[in-house]
file data_13.txt (compact mmCIF, C-alpha atoms)
# COMPACT_ATOMS: atom_id res chain seq x y z
CA MET T 1013 -3.63 35.99 7.82
CA ASN T 1014 -1.97 32.57 8.15
CA GLU T 1015 -2.65 32.57 11.89
CA GLU T 1016 -6.30 33.16 11.20
CA ILE T 1017 -6.53 30.40 8.63
CA GLU T 1018 -4.61 28.09 10.97
CA ARG T 1019 -7.18 28.76 13.68
CA LYS T 1020 -9.99 28.10 11.23
CA LEU T 1021 -8.33 24.88 10.09
CA SER T 1022 -8.01 23.65 13.67
CA GLU T 1023 -11.75 24.21 14.06
CA ALA T 1024 -12.64 22.68 10.70
CA LEU T 1025 -10.45 19.63 11.26
CA ARG T 1026 -11.63 18.68 14.73
CA ARG T 1027 -11.83 14.94 15.14
CA LYS T 1028 -15.13 13.55 13.96
CA ARG T 1029 -16.85 10.68 15.68
CA ALA T 1030 -16.56 7.39 13.85
CA PRO T 1031 -19.93 6.12 12.60
CA GLU T 1032 -22.11 4.22 15.02
CA GLY T 1033 -21.12 0.54 15.19
CA PHE T 1034 -17.71 1.08 13.58
CA ALA T 1035 -15.81 -1.10 16.08
CA GLY T 1036 -18.43 -3.83 15.70
CA ARG T 1037 -17.98 -3.86 11.95
CA VAL T 1038 -14.20 -4.12 12.35
CA MET T 1039 -14.64 -7.03 14.76
CA ALA T 1040 -17.07 -8.71 12.37
CA ARG T 1041 -14.40 -8.67 9.67
CA LEU T 1042 -11.80 -9.96 12.08
CA PRO T 1043 -12.87 -13.64 12.35
CA GLU T 1044 -12.13 -14.29 8.68
CA THR T 1045 -8.59 -13.05 9.11
CA ALA T 1046 -8.15 -14.70 12.50
CA ALA T 1047 -9.64 -18.00 11.30
CA ALA T 1048 -7.35 -18.01 8.31
CA GLU T 1049 -4.39 -17.51 10.61
CA ARG T 1050 -5.60 -20.17 13.04
CA GLY T 1051 -6.38 -22.60 10.19
CA LYS T 1052 -2.69 -23.06 9.48
CA PRO T 1053 -1.20 -26.04 11.35
CA ALA T 1054 1.34 -24.81 13.86
CA THR T 1055 4.10 -27.04 12.51
CA MET T 1056 3.57 -26.14 8.89
CA PRO T 1057 6.10 -23.76 7.44
CA PRO T 1058 4.72 -20.59 5.93
CA ARG T 1059 3.27 -21.07 2.48
CA ARG T 1060 5.68 -20.42 -0.33
CA PRO T 1061 3.84 -20.54 -3.64
CA TRP T 1062 7.01 -19.73 -5.56
CA LEU T 1063 8.68 -22.84 -4.11
CA ALA T 1064 5.93 -25.12 -5.42
CA LEU T 1065 6.17 -23.45 -8.81
CA ALA T 1066 9.95 -23.81 -8.86
CA LEU T 1067 9.67 -27.51 -7.91
CA ALA T 1068 7.06 -28.15 -10.60
CA ALA T 1069 9.19 -26.34 -13.18
CA GLY T 1070 12.28 -28.32 -12.07
CA LEU T 1071 10.43 -31.65 -12.36
CA ALA T 1072 9.10 -30.73 -15.80
CA LEU T 1073 12.59 -29.76 -16.94
CA ALA T 1074 14.12 -32.95 -15.53
CA SER T 1075 11.43 -35.08 -17.16
CA PHE T 1076 11.87 -33.32 -20.50
CA GLY T 1077 15.64 -33.63 -20.20
CA GLY T 1078 15.35 -37.37 -19.43
CA VAL T 1079 13.21 -38.01 -22.51
CA ARG T 1080 15.57 -35.99 -24.69
CA TYR T 1081 18.59 -37.90 -23.32
CA GLN T 1082 16.89 -41.22 -24.00
CA GLN T 1083 16.22 -40.15 -27.59
CA TYR T 1084 19.84 -39.03 -27.94
CA ARG T 1085 21.10 -42.38 -26.65
CA GLN T 1086 18.85 -44.30 -29.07
CA GLY T 1087 20.03 -42.13 -31.96
CA GLN T 1088 23.67 -42.72 -31.04
CA GLU T 1089 23.11 -46.48 -30.88
CA ALA T 1090 21.37 -46.51 -34.26
CA LYS T 1091 24.20 -44.45 -35.73
CA ARG T 1092 26.81 -46.83 -34.28
CA GLN T 1093 25.00 -49.90 -35.70
CA LEU T 1094 24.66 -48.27 -39.11
CA LEU T 1095 28.37 -47.40 -39.21
CA LEU T 1096 29.25 -50.95 -38.17
CA ALA T 1097 27.03 -52.39 -40.90
CA LEU T 1098 28.58 -50.05 -43.47
CA ARG T 1099 32.07 -50.96 -42.31
CA ILE T 1100 31.33 -54.71 -42.53
CA ALA T 1101 29.71 -54.29 -45.93
CA GLY T 1102 32.74 -52.26 -47.07
CA GLU T 1103 35.15 -54.91 -45.84
CA LYS T 1104 33.13 -57.66 -47.59
CA LEU T 1105 33.11 -55.63 -50.79
CA THR T 1106 36.85 -55.06 -50.61
CA LEU T 1107 37.37 -58.76 -50.02
CA ALA T 1108 35.19 -59.61 -53.00
CA GLN T 1109 37.09 -57.15 -55.17
CA HIS T 1110 40.41 -58.71 -54.15
CA ARG T 1111 39.10 -62.15 -54.97
CA VAL T 1112 37.79 -61.05 -58.40
CA ALA T 1113 41.12 -59.36 -59.06
CA GLY T 1114 42.96 -62.54 -58.05
CA VAL T 1115 40.83 -64.67 -60.41
CA ASN T 1116 41.44 -62.24 -63.26
CA GLU T 1117 45.20 -62.28 -62.66
CA ARG T 1118 45.29 -66.05 -62.71
CA ARG T 1119 43.32 -66.16 -65.99
CA GLY T 1120 45.77 -63.68 -67.51
CA GLU T 1121 48.77 -65.79 -66.55
CA GLN T 1122 47.19 -68.88 -68.16
CA MET W 399 -7.26 15.40 21.78
CA ARG W 400 -4.24 13.23 22.43
CA GLU W 401 -4.70 9.90 24.17
CA GLU W 402 -3.33 9.12 27.57
CA PRO W 403 -1.09 6.14 26.75
CA ALA W 404 -1.17 4.73 30.28
CA GLN W 405 -4.91 4.18 29.96
CA ILE W 406 -4.52 1.59 27.25
CA ALA W 407 -1.26 -0.11 28.17
CA ASP W 408 -3.05 -3.00 29.89
CA THR W 409 -5.60 -3.25 27.11
CA LEU W 410 -2.79 -3.49 24.55
CA ARG W 411 -1.15 -6.31 26.52
CA ASP W 412 -4.46 -8.18 26.76
CA ALA W 413 -5.07 -7.77 23.06
CA GLN W 414 -1.58 -9.05 22.30
CA ARG W 415 -2.41 -12.17 24.31
CA GLY W 416 -5.35 -12.73 21.97
CA GLY W 417 -8.13 -10.99 23.86
CA ARG W 418 -10.80 -10.05 21.35
CA GLY W 419 -12.57 -7.82 23.82
CA ALA W 420 -9.34 -5.97 24.47
CA PHE W 421 -8.78 -5.49 20.76
CA ALA W 422 -12.32 -4.15 20.41
CA LEU W 423 -11.50 -1.64 23.15
CA LEU W 424 -8.38 -0.57 21.27
CA VAL W 425 -10.47 -0.02 18.16
CA GLU W 426 -13.00 2.03 20.09
CA PHE W 427 -10.23 4.03 21.69
CA HIS W 428 -8.60 5.01 18.40
CA GLN W 429 -11.47 4.86 15.93
CA ASN W 430 -12.24 8.59 15.95
CA MET W 431 -8.61 9.50 15.25
CA VAL W 432 -8.21 7.04 12.37
CA TYR W 433 -11.63 7.73 10.86
CA SER W 434 -11.20 11.52 11.11
CA LEU W 435 -7.78 11.46 9.45
CA LEU W 436 -9.24 9.59 6.52
CA VAL W 437 -12.50 11.47 6.24
CA HIS W 438 -10.66 14.80 6.31
CA MET W 439 -8.22 13.61 3.67
CA LEU W 440 -10.75 11.92 1.40
CA GLY W 441 -13.93 13.88 2.06
CA GLU W 442 -16.10 10.79 1.64
CA GLU W 443 -17.40 9.11 4.74
CA ALA W 444 -18.09 5.67 3.23
CA VAL W 445 -14.63 5.41 1.68
CA ALA W 446 -13.03 6.71 4.87
CA GLU W 447 -14.82 4.08 6.95
CA GLU W 448 -13.81 1.24 4.65
CA ILE W 449 -10.15 2.24 4.71
CA ALA W 450 -10.28 2.88 8.46
CA GLN W 451 -11.55 -0.69 8.95
CA ASP W 452 -8.68 -1.97 6.80
CA VAL W 453 -6.22 -0.02 8.96
CA PHE W 454 -7.52 -1.77 12.11
CA LEU W 455 -7.42 -5.18 10.43
CA GLU W 456 -3.79 -4.49 9.54
CA LEU W 457 -3.20 -3.47 13.15
CA HIS W 458 -4.58 -6.82 14.26
CA LYS W 459 -2.06 -8.61 12.06
CA ASN W 460 0.78 -6.50 13.43
CA LEU W 461 -0.40 -6.31 17.02
CA ASN W 462 2.52 -8.20 18.49
CA SER W 463 5.01 -5.71 17.08
CA MET W 464 3.41 -2.83 19.00
CA GLU W 465 5.84 -1.91 21.74
CA SER W 466 3.71 0.60 23.65
CA PRO W 467 0.48 2.60 23.42
CA VAL W 468 2.47 5.55 22.05
CA HIS W 469 3.95 3.31 19.37
CA LEU W 470 0.46 1.99 18.61
CA ALA W 471 -1.01 5.48 18.16
CA ARG W 472 1.92 6.59 16.00
CA TRP W 473 1.60 3.43 13.88
CA LEU W 474 -2.11 4.03 13.35
CA ARG W 475 -1.51 7.67 12.32
CA MET W 476 1.24 6.59 9.95
CA VAL W 477 -0.73 3.79 8.30
CA ALA W 478 -3.94 5.83 8.08
CA SER W 479 -2.25 8.87 6.54
CA ARG W 480 -0.28 6.74 4.06
CA ARG W 481 -3.42 4.82 3.08
CA GLY W 482 -5.15 8.17 2.65
CA ILE W 483 -2.38 9.48 0.40
CA ASP W 484 -2.48 6.28 -1.68
CA GLU W 485 -6.25 6.52 -2.06
CA VAL W 486 -6.11 10.18 -3.11
CA ARG W 487 -3.46 9.37 -5.70
CA ARG W 488 -5.26 6.25 -6.90
CA ARG W 489 -8.52 8.01 -7.49
CA ARG W 490 -7.08 11.40 -8.47
CA PHE W 491 -9.78 12.38 -6.07
CA ARG W 492 -12.26 14.41 -8.02
CA ALA W 493 -9.66 17.02 -8.83
CA PRO W 494 -9.83 17.73 -12.55
CA GLN W 495 -8.84 21.27 -11.69
CA GLY W 496 -6.38 22.65 -9.19
CA ILE W 497 -7.33 24.73 -6.24
CA GLU W 498 -5.99 27.82 -7.99
CA ASP W 499 -8.42 27.46 -10.91
CA LEU W 500 -11.46 26.69 -8.82
CA PRO W 501 -14.34 29.09 -9.34
CA GLU W 502 -15.89 29.58 -5.93
CA PRO W 503 -19.26 31.18 -5.32
CA ARG W 504 -18.97 34.13 -2.99
CA ILE W 505 -20.31 33.61 0.50
CA GLU W 506 -22.07 36.34 2.38
CA PRO W 507 -20.02 37.99 5.13
CA GLU W 508 -22.41 36.78 7.80
CA VAL W 509 -21.54 33.17 6.99
CA GLU W 510 -21.56 31.00 10.07
CA ASP W 511 -18.45 29.21 11.32
CA VAL W 512 -20.02 25.86 10.54
CA LEU W 513 -20.28 26.76 6.89
CA LEU W 514 -16.79 28.19 6.89
CA SER W 515 -15.42 24.97 8.31
CA ALA W 516 -17.29 22.93 5.74
CA ARG W 517 -15.96 25.15 2.94
CA LEU W 518 -12.42 24.88 4.27
CA ARG W 519 -12.70 21.11 4.31
CA ARG W 520 -13.93 21.15 0.71
CA LEU W 521 -11.04 23.39 -0.30
CA LEU W 522 -8.68 21.02 1.47
CA GLU W 523 -9.92 18.20 -0.76
CA ARG W 524 -8.52 20.11 -3.74
CA LEU W 525 -4.98 20.02 -2.41
CA PRO W 526 -2.46 17.41 -3.59
CA ALA W 527 -2.31 14.22 -1.52
CA LYS W 528 0.76 14.97 0.60
CA HIS W 529 -0.34 18.57 1.22
CA ARG W 530 -3.64 17.26 2.56
CA ALA W 531 -2.00 14.69 4.79
CA ILE W 532 0.35 17.27 6.26
CA VAL W 533 -2.43 19.79 6.89
CA VAL W 534 -4.67 17.18 8.51
CA LEU W 535 -1.88 15.79 10.70
CA ARG W 536 -0.92 19.34 11.69
CA TYR W 537 -4.38 20.70 12.50
CA GLN W 538 -6.39 17.61 13.40
CA GLU W 539 -3.72 15.76 15.34
CA ASP W 540 -1.81 18.87 16.43
CA LEU W 541 1.50 17.28 15.41
CA ASP W 542 4.55 19.46 14.89
CA PRO W 543 6.48 19.32 11.60
CA GLY W 544 9.13 17.05 13.13
CA GLU W 545 6.53 14.43 14.10
CA ILE W 546 4.85 14.68 10.68
CA ALA W 547 8.23 14.25 8.99
CA VAL W 548 8.79 10.99 10.87
CA LEU W 549 5.32 9.65 10.02
CA LEU W 550 5.53 10.48 6.34
CA GLU W 551 9.27 9.80 6.02
CA MET W 552 10.02 13.26 4.68
CA PRO W 553 12.64 15.84 5.63
CA VAL W 554 11.37 18.36 8.22
CA ALA W 555 12.21 21.23 5.85
CA THR W 556 9.98 19.66 3.18
CA VAL W 557 7.12 19.32 5.65
CA LYS W 558 7.49 22.99 6.63
CA SER W 559 7.64 24.27 3.06
CA THR W 560 4.73 22.04 1.98
CA LEU W 561 2.65 23.24 4.91
CA HIS W 562 3.48 26.84 4.06
CA ARG W 563 2.50 26.31 0.41
CA ALA W 564 -0.73 24.54 1.41
CA LEU W 565 -1.73 27.37 3.72
CA GLY W 566 -0.99 29.88 0.97
CA MET W 567 -3.15 27.94 -1.48
CA LEU W 568 -6.00 27.69 1.02
CA ARG W 569 -5.73 31.39 1.91
CA ARG W 570 -5.89 32.46 -1.73
CA ALA W 571 -8.83 30.12 -2.37
CA CYS W 572 -10.60 31.57 0.67
CA GLU W 573 -10.00 35.09 -0.58
CA ARG W 574 -11.37 34.23 -4.00
CA ALA W 575 -14.40 32.65 -2.37
CA GLY W 576 -14.91 35.72 -0.24
CA LEU W 577 -14.21 33.78 2.94
CA GLY W 578 -11.13 35.72 3.86
CA SER W 579 -11.94 39.13 2.58
CA GLN W 580 -14.00 40.18 5.57
CA GLU W 581 -13.10 38.14 8.57
CA PHE W 582 -9.45 37.35 7.91
CA THR W 583 -8.33 40.73 6.70
CA GLN W 584 -10.19 42.54 9.44
CA ARG W 585 -8.35 40.52 12.07
CA GLU W 586 -5.08 40.99 10.27
CA ALA W 587 -5.56 44.74 10.31
CA VAL W 588 -6.09 44.75 14.08
call {"tool": "encode", "arguments": {"input": "data_13.txt", "output": "C-alpha cells"}}
result
Amino acid sequence: MNEEIERKLSEALRRKRAPEGFAGRVMARLPETAAAERGKPATMPPRRPWLALALAAGLALASFGGVRYQQYRQGQEAKRQLLLALRIAGEKLTLAQHRVAGVNERRGEQ
Amino acid sequence: MREEPAQIADTLRDAQRGGRGAFALLVEFHQNMVYSLLVHMLGEEAVAEEIAQDVFLELHKNLNSMESPVHLARWLRMVASRRGIDEVRRRRFRAPQGIEDLPEPRIEPEVEDVLLSARLRRLLERLPAKHRAIVVLRYQEDLDPGEIAVLLEMPVATVKSTLHRALGMLRRACERAGLGSQEFTQREAV
C-alpha cells in the first residue's frame, strides 16, 4: 500500500514549470537590491543604526549630567555663602553680647 | 530530475563576478525546482512565485558564498523548503481541520491519474508544515532521508518517522476518499 502511494506521490509531485517570465521578474526586482548595495561608498563602514542611537543617548546623558553638575555646584556655592554669612552674623552677635555684658558689669561696679 | 552540476559551474563563476546574464541563467536553471517545491508545499501558485522570487533575491545576496553548483542547488532547496515551512506556519494554511477529520467526496473508480494526482496534492496541503516539506523533498526532489535531514536540520530518525506518519495519513485519507479502495488495495493483493 505504501509503495503504491509512494509511486502516486512521485507522479503527483513532478516538478512543475515555473510561470512564463519568472526569471525576468526576478531580474527586474534585482536592480533595487543591487543599486542599494552599489550605492554604499566602498570606504564607508557598514551601517550600524544602534551605534548612532547609543552615541545620541550618550550625548544626551552627558549633556543632562553637565547641567545637573552645574546646578549642584551653584547650590553648593550658595550654601557655602549662606553659612559664611550666618557665621559672621553669629560672631558679630556674640561680640555685641560680650560688649553689652561688659557695659552692664561696669555699671554694677559703679 | 537532478541537475548536472558541471553544466553550471562556469555560469556560477560568471555570476559571482557580477555577470547579470549569468545570474539570469542560474535562475532559469533552478527556477522549476524552487517554484515546484513551494507550489507543492503551499498549493497556491501566486504565493509560491512570490516566495520563489524572494529565494532567488536572497541567493543573489549570498552568491559569493556558493562554493559549487552542488552547494548552490542544496542551498536553494534548503532556503525554499524552510521558507515554505515558515509560510505554512504563518498562515496556518487553510487547515482549520486536520487531514484525519476531512470529509472527502468519493471519487469514481475510473478516476484518471491526473485527478488522482491533483487530489493527492490537495491532501498533502492538509499535512503539517514539516510533514509536507519532507514529503515534497522526498518525492519531488527524490532526496533520501539523510539528505532531507541535513537540509531541515533534523535527525535522520525523525525524518524517517515523520515520512512514515505522513504516508500513513495520506493513505488513510485516500481510503476515506475512495482513492485507495480500488486501485491501491487491488495492487496490494497481487
call {"tool": "closest_atom_pairs", "arguments": {"input": "data_13.txt", "of": "chain W", "to": "chain T", "cutoff": "8 Å", "atoms": "all atoms listed in the file", "output": "tab-separated table"}}
result
residue	atom	partner	partner_atom	distance
W:Ala422	CA	T:Ala1035	CA	6.3
W:Val425	CA	T:Ala1035	CA	5.8
W:Glu426	CA	T:Ala1035	CA	5.8
W:Gln429	CA	T:Ala1030	CA	6.1
W:Asn430	CA	T:Ala1030	CA	5.0
W:Met431	CA	T:Arg1027	CA	6.3
W:Tyr433	CA	T:Ala1030	CA	5.8
W:Ser434	CA	T:Lys1028	CA	5.3
W:Leu435	CA	T:Arg1027	CA	7.8
W:His438	CA	T:Leu1025	CA	6.9
W:Glu447	CA	T:Phe1034	CA	7.8
W:Gln451	CA	T:Val1038	CA	5.5
W:Phe454	CA	T:Val1038	CA	7.1
W:Leu455	CA	T:Leu1042	CA	6.7
W:Leu514	CA	T:Ala1024	CA	7.9
W:Ser515	CA	T:Ala1024	CA	4.3
W:Ala516	CA	T:Ala1024	CA	6.8
W:Leu518	CA	T:Ala1024	CA	6.8
W:Arg519	CA	T:Ala1024	CA	6.6
W:Val534	CA	T:Leu1025	CA	6.9
W:Tyr537	CA	T:Ser1022	CA	4.8
W:Gln538	CA	T:Leu1025	CA	5.0
W:Leu565	CA	T:Asn1014	CA	6.8
W:Gly566	CA	T:Asn1014	CA	7.7
W:Arg569	CA	T:Ile1017	CA	6.8
W:Phe582	CA	T:Met1013	CA	6.0
W:Thr583	CA	T:Met1013	CA	6.8
W:Arg585	CA	T:Glu1016	CA	7.7
W:Glu586	CA	T:Met1013	CA	5.8
call {"tool": "write_last_selection", "arguments": {"input": "data_13.txt", "atoms": "C-alpha atoms", "output": "PDB file, in the coordinates of the input"}}
result
ATOM      1  CA  ALA W 422     -12.320  -4.150  20.410  1.00  0.00           C
ATOM      2  CA  VAL W 425     -10.470  -0.020  18.160  1.00  0.00           C
ATOM      3  CA  GLU W 426     -13.000   2.030  20.090  1.00  0.00           C
ATOM      4  CA  GLN W 429     -11.470   4.860  15.930  1.00  0.00           C
ATOM      5  CA  ASN W 430     -12.240   8.590  15.950  1.00  0.00           C
ATOM      6  CA  MET W 431      -8.610   9.500  15.250  1.00  0.00           C
ATOM      7  CA  TYR W 433     -11.630   7.730  10.860  1.00  0.00           C
ATOM      8  CA  SER W 434     -11.200  11.520  11.110  1.00  0.00           C
ATOM      9  CA  LEU W 435      -7.780  11.460   9.450  1.00  0.00           C
ATOM     10  CA  HIS W 438     -10.660  14.800   6.310  1.00  0.00           C
ATOM     11  CA  GLU W 447     -14.820   4.080   6.950  1.00  0.00           C
ATOM     12  CA  GLN W 451     -11.550  -0.690   8.950  1.00  0.00           C
ATOM     13  CA  PHE W 454      -7.520  -1.770  12.110  1.00  0.00           C
ATOM     14  CA  LEU W 455      -7.420  -5.180  10.430  1.00  0.00           C
ATOM     15  CA  LEU W 514     -16.790  28.190   6.890  1.00  0.00           C
ATOM     16  CA  SER W 515     -15.420  24.970   8.310  1.00  0.00           C
ATOM     17  CA  ALA W 516     -17.290  22.930   5.740  1.00  0.00           C
ATOM     18  CA  LEU W 518     -12.420  24.880   4.270  1.00  0.00           C
ATOM     19  CA  ARG W 519     -12.700  21.110   4.310  1.00  0.00           C
ATOM     20  CA  VAL W 534      -4.670  17.180   8.510  1.00  0.00           C
ATOM     21  CA  TYR W 537      -4.380  20.700  12.500  1.00  0.00           C
ATOM     22  CA  GLN W 538      -6.390  17.610  13.400  1.00  0.00           C
ATOM     23  CA  LEU W 565      -1.730  27.370   3.720  1.00  0.00           C
ATOM     24  CA  GLY W 566      -0.990  29.880   0.970  1.00  0.00           C
ATOM     25  CA  ARG W 569      -5.730  31.390   1.910  1.00  0.00           C
ATOM     26  CA  PHE W 582      -9.450  37.350   7.910  1.00  0.00           C
ATOM     27  CA  THR W 583      -8.330  40.730   6.700  1.00  0.00           C
ATOM     28  CA  ARG W 585      -8.350  40.520  12.070  1.00  0.00           C
ATOM     29  CA  GLU W 586      -5.080  40.990  10.270  1.00  0.00           C
TER      30      GLU W 586
END
call {"tool": "atom_distance", "arguments": {"input": "data_13.txt", "atom1": "atom CA of Leu550 of chain W", "atom2": "atom CA of Arg411 of chain W"}}
result
27.1 Å
call {"tool": "residues_near_point", "arguments": {"input": "data_13.txt", "point": "(-4.3, 11.1, -1.9)", "cutoff": "8 Å", "atoms": "all atoms listed in the file", "output": "list in words"}}
result
Met439, Leu440, Gly482, Ile483, Asp484, Glu485, Val486, Arg487, Arg488, Arg489, Arg490, Phe491, Pro526, Ala527, Lys528, Arg530 and Ala531 of chain W
call {"tool": "atom_distance", "arguments": {"input": "data_13.txt", "atom1": "atom CA of Arg520 of chain W", "atom2": "atom CA of Arg570 of chain W"}}
result
14.1 Å
call {"tool": "closest_residue", "arguments": {"input": "data_13.txt", "among": "W:Ala450, W:Val557, W:Leu457, W:Leu410", "to": "Leu541 of chain W", "atoms": "all atoms listed in the file"}}
result
W:Val557
call {"tool": "atom_distance", "arguments": {"input": "data_13.txt", "atom1": "atom CA of Arg1111 of chain T", "atom2": "atom CA of Arg1092 of chain T"}}
result
28.5 Å
call {"tool": "closest_residue", "arguments": {"input": "data_13.txt", "among": "W:Arg480, W:His458, W:Arg415, W:His428", "to": "Leu535 of chain W", "atoms": "all atoms listed in the file"}}
result
W:Arg480
